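K.L.:
The structure that follows is given in the form of structure tokens.
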Amino acid sequence: MSESMRVPEAEVDPQFPERWSPRAFSPRPVAEADLLSLFEAARWAPSAANSQPWLFLAAVTPEERARFLALLNPGNQVWAREAPVLLFVLTRRRRASGRAMEWGAFDAGAAWMSLALQARKLGLFAHAMGGFDREGIYAALNIPVEEYLALAAVAVGYYGDPALLSEEDQQREHPSLRKPLRELFHYGALGEE
Ligand SMILES: Cc1cc2nc3c(=O)[nH]c(=O)nc-3n(C[C@H](O)[C@H](O)[C@H](O)COP(=O)(O)O)c2cc1C
């Protein structure tokens, strides 16, 4: 399947269907200014009461990348090891007042998507992963578990050589399709037309 099969069903900016999550990353480094640009995009995401509950942990040095990589599930490690930047996306569990941050995951999701779209603008790709050690990460990276919830990992980098992927990952290395547009929304209350 080629990227051209991602055919929109309504008018939309091409940046949306053109963003996808590859596994073939090049080890080419990401300039620090570009990394800052990704976080800047995330910074402007909307959040409940402008609480900005997200926190991105970034690994760019070989030592830190190895530390982050070890927390990924084996199936993610095999391809994510090439990515020059690994991130973990955290969200605060509580507001300063102590009240629960009820929309933290929603807000951090918006921030990650902003980062992913900005990555494409810079010729980079961002691939999110839920497959990581969701219990072990707190001790491994000194994250106070009562303060933060670790939501996802993200590999960031330039596109690499898909021929270097495992056979299984080569099969999966293409932009995915979507459900029909009409299946993702409903006018009015459910069960009523
Ligand atoms: C929260 C989340 C968790 C994901 N976990 C993984 C993962 O552990 N491993 C992986 O290879 N891809 C993972 N993905 C990537 C999805 O499979 C991918 O986004 C989805 O198939 C849609 O494809 P696209 O991003 O290329 O449009 C994850 C994506 C999200 C948003």
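Letters for chains follow the order of the structure tokens (A, B, ...), residue numbers begin at 1 for each chain, and ligand numbers begin at 1 in the order shown.
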Taking only C-alpha atoms and all ligand atoms into account, list the residues no farther than 7 Å from ligand 1, as an NGL selection string.
P.N.:
:A and (19-23 or 76 or 127-132 or 152 or 175-176)
K.L.:
Using DSSP secondary structure from the backbone, list all strand (DSSP E) positions within segment 7-165 of chain A, as a short mmCIF file (atom, residue, chain, number, x, y, z; two decimals) with N, CA and C atoms, in the first residue's frame.
P.N.:
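Ended up saving to result.cif:
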data_model
loop_
_atom_site.label_atom_id
_atom_site.label_comp_id
_atom_site.auth_asym_id
_atom_site.auth_seq_id
_atom_site.Cartn_x
_atom_site.Cartn_y
_atom_site.Cartn_z
N TRP A 54 1.57 18.17 30.69
CA TRP A 54 2.52 17.28 30.04
C TRP A 54 3.96 17.58 30.47
N LEU A 55 4.76 16.53 30.43
CA LEU A 55 6.22 16.68 30.59
C LEU A 55 6.86 15.64 29.68
N PHE A 56 7.80 16.09 28.85
CA PHE A 56 8.49 15.18 27.94
C PHE A 56 9.89 14.92 28.49
N LEU A 57 10.24 13.65 28.66
CA LEU A 57 11.62 13.28 28.99
C LEU A 57 12.29 12.91 27.68
N ALA A 58 13.45 13.49 27.43
CA ALA A 58 14.13 13.30 26.14
C ALA A 58 15.48 12.63 26.33
N ALA A 59 15.76 11.64 25.50
CA ALA A 59 17.08 10.98 25.50
C ALA A 59 17.72 11.23 24.14
N VAL A 85 16.43 10.13 18.75
CA VAL A 85 15.77 10.75 19.92
C VAL A 85 14.67 9.82 20.41
N LEU A 86 14.68 9.55 21.70
CA LEU A 86 13.58 8.81 22.32
C LEU A 86 12.97 9.70 23.40
N LEU A 87 11.65 9.70 23.44
CA LEU A 87 10.94 10.52 24.42
C LEU A 87 10.03 9.64 25.26
N PHE A 88 9.75 10.08 26.46
CA PHE A 88 8.61 9.56 27.21
C PHE A 88 7.69 10.74 27.49
N VAL A 89 6.41 10.50 27.31
CA VAL A 89 5.40 11.53 27.57
C VAL A 89 4.75 11.23 28.91
N LEU A 90 4.90 12.19 29.81
CA LEU A 90 4.28 12.07 31.14
C LEU A 90 3.19 13.11 31.26
N THR A 91 2.26 12.86 32.17
CA THR A 91 1.29 13.90 32.49
C THR A 91 1.14 13.96 34.00
N ARG A 92 0.95 15.17 34.50
CA ARG A 92 0.79 15.34 35.95
C ARG A 92 -0.53 14.74 36.40
N PHE A 125 10.04 12.37 11.58
CA PHE A 125 8.87 11.55 11.91
C PHE A 125 8.85 11.31 13.42
N ALA A 126 7.65 11.15 13.95
CA ALA A 126 7.49 10.80 15.37
C ALA A 126 6.57 9.59 15.45
N HIS A 127 7.00 8.56 16.17
CA HIS A 127 6.22 7.32 16.27
C HIS A 127 5.97 7.03 17.75
N ALA A 128 4.71 7.10 18.16
CA ALA A 128 4.34 6.86 19.57
C ALA A 128 4.31 5.36 19.87
N MET A 129 4.60 5.04 21.12
CA MET A 129 4.57 3.64 21.56
C MET A 129 3.94 3.53 22.95
N TYR A 148 3.36 11.91 38.58
CA TYR A 148 3.22 11.78 37.12
C TYR A 148 2.70 10.41 36.72
N LEU A 149 1.98 10.41 35.62
CA LEU A 149 1.57 9.17 34.95
C LEU A 149 2.35 9.10 33.63
N ALA A 150 3.07 8.00 33.41
CA ALA A 150 3.81 7.82 32.16
C ALA A 150 2.84 7.26 31.12
N LEU A 151 2.65 8.00 30.03
CA LEU A 151 1.61 7.64 29.05
C LEU A 151 2.15 6.89 27.84
N ALA A 152 3.26 7.35 27.31
CA ALA A 152 3.74 6.77 26.05
C ALA A 152 5.21 7.10 25.83
N ALA A 153 5.83 6.31 24.98
CA ALA A 153 7.17 6.63 24.47
C ALA A 153 7.00 7.13 23.05
N VAL A 154 7.98 7.89 22.56
CA VAL A 154 7.95 8.37 21.18
C VAL A 154 9.36 8.28 20.60
N ALA A 155 9.48 7.68 19.42
CA ALA A 155 10.74 7.69 18.68
C ALA A 155 10.66 8.84 17.67
N VAL A 156 11.75 9.61 17.60
CA VAL A 156 11.79 10.77 16.69
C VAL A 156 13.05 10.69 15.85
N GLY A 157 12.93 10.97 14.56
CA GLY A 157 14.12 11.01 13.71
C GLY A 157 13.76 11.12 12.25
#
K.L.:
Give the helix (DSSP H, G or I) residues of chain A, as assigned by DSSP on the backbone, as a count of residues only.
P.N.:
71
K.L.:
One decimal, Å: what's the distance from atom CA of Ala70 of chain A over to atom CA of Ile137 of chain A, could you say?
P.N.:
9.8 Å
K.L.:
Rank nothing, just name the residue among A:Gln77, A:Gln118, A:Ser26, A:Ser37 nearest to Tyr158 of chain A, using only C-alpha atoms.
P.N.:
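Using only C-alpha atoms, the shortest distance to Tyr158 of chain A belongs to A:Ser26.
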K.L.:
I need the residue nearest Ser51 of chain A from this list: A:His174, A:Lys121, A:Arg65, A:Arg94. Use only C-alpha atoms for the distance.
P.N.:
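Closest candidate: A:Arg94.
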K.L.:
Quick one: everything within 12 Å of Pro180 of chain A, counting only C-alpha atoms, minus sequence neighbours fewer than 2 positions away in the same chain. Send it as a list in words.
P.N.:
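Neighbouring residues, sequence-local ones excluded: Arg6, Val7, Pro8, Glu9, Ala10, Leu177, Arg178, Arg182, Glu183, Leu184 and Phe185 of chain A.
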K.L.:
Tell me which of A:Leu124, A:Ala119, A:Ala189, A:Leu181 sits closest to Phe39 of chain A, counting only C-alpha atoms.
P.N.:
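Among the listed residues, A:Ala119 lies closest to Phe39 of chain A.
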K.L.:
Between A:Gly191, A:Gly123, A:Ala45, A:Ala24, which residue has the minimum interatomic distance to Gln171 of chain A, considering only C-alpha atoms?
P.N.:
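Going through A:Gly191, A:Gly123, A:Ala45, A:Ala24 one by one, the smallest distance to Gln171 of chain A is for A:Ala24.
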K.L.:
Closest to Glu146 of chain A among A:Gly98, A:Pro27, A:Pro46, A:Pro84, using only C-alpha atoms?
P.N.:
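With only C-alpha atoms as the atom set, the closest residue is A:Gly98.
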K.L.:
Between A:Glu82, A:Glu173, A:Glu18, A:Asp107, which is the closest to Pro62 of chain A once you count only C-alpha atoms?
P.N.:
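Counting only C-alpha atoms, the residue closest to Pro62 of chain A is A:Glu82.
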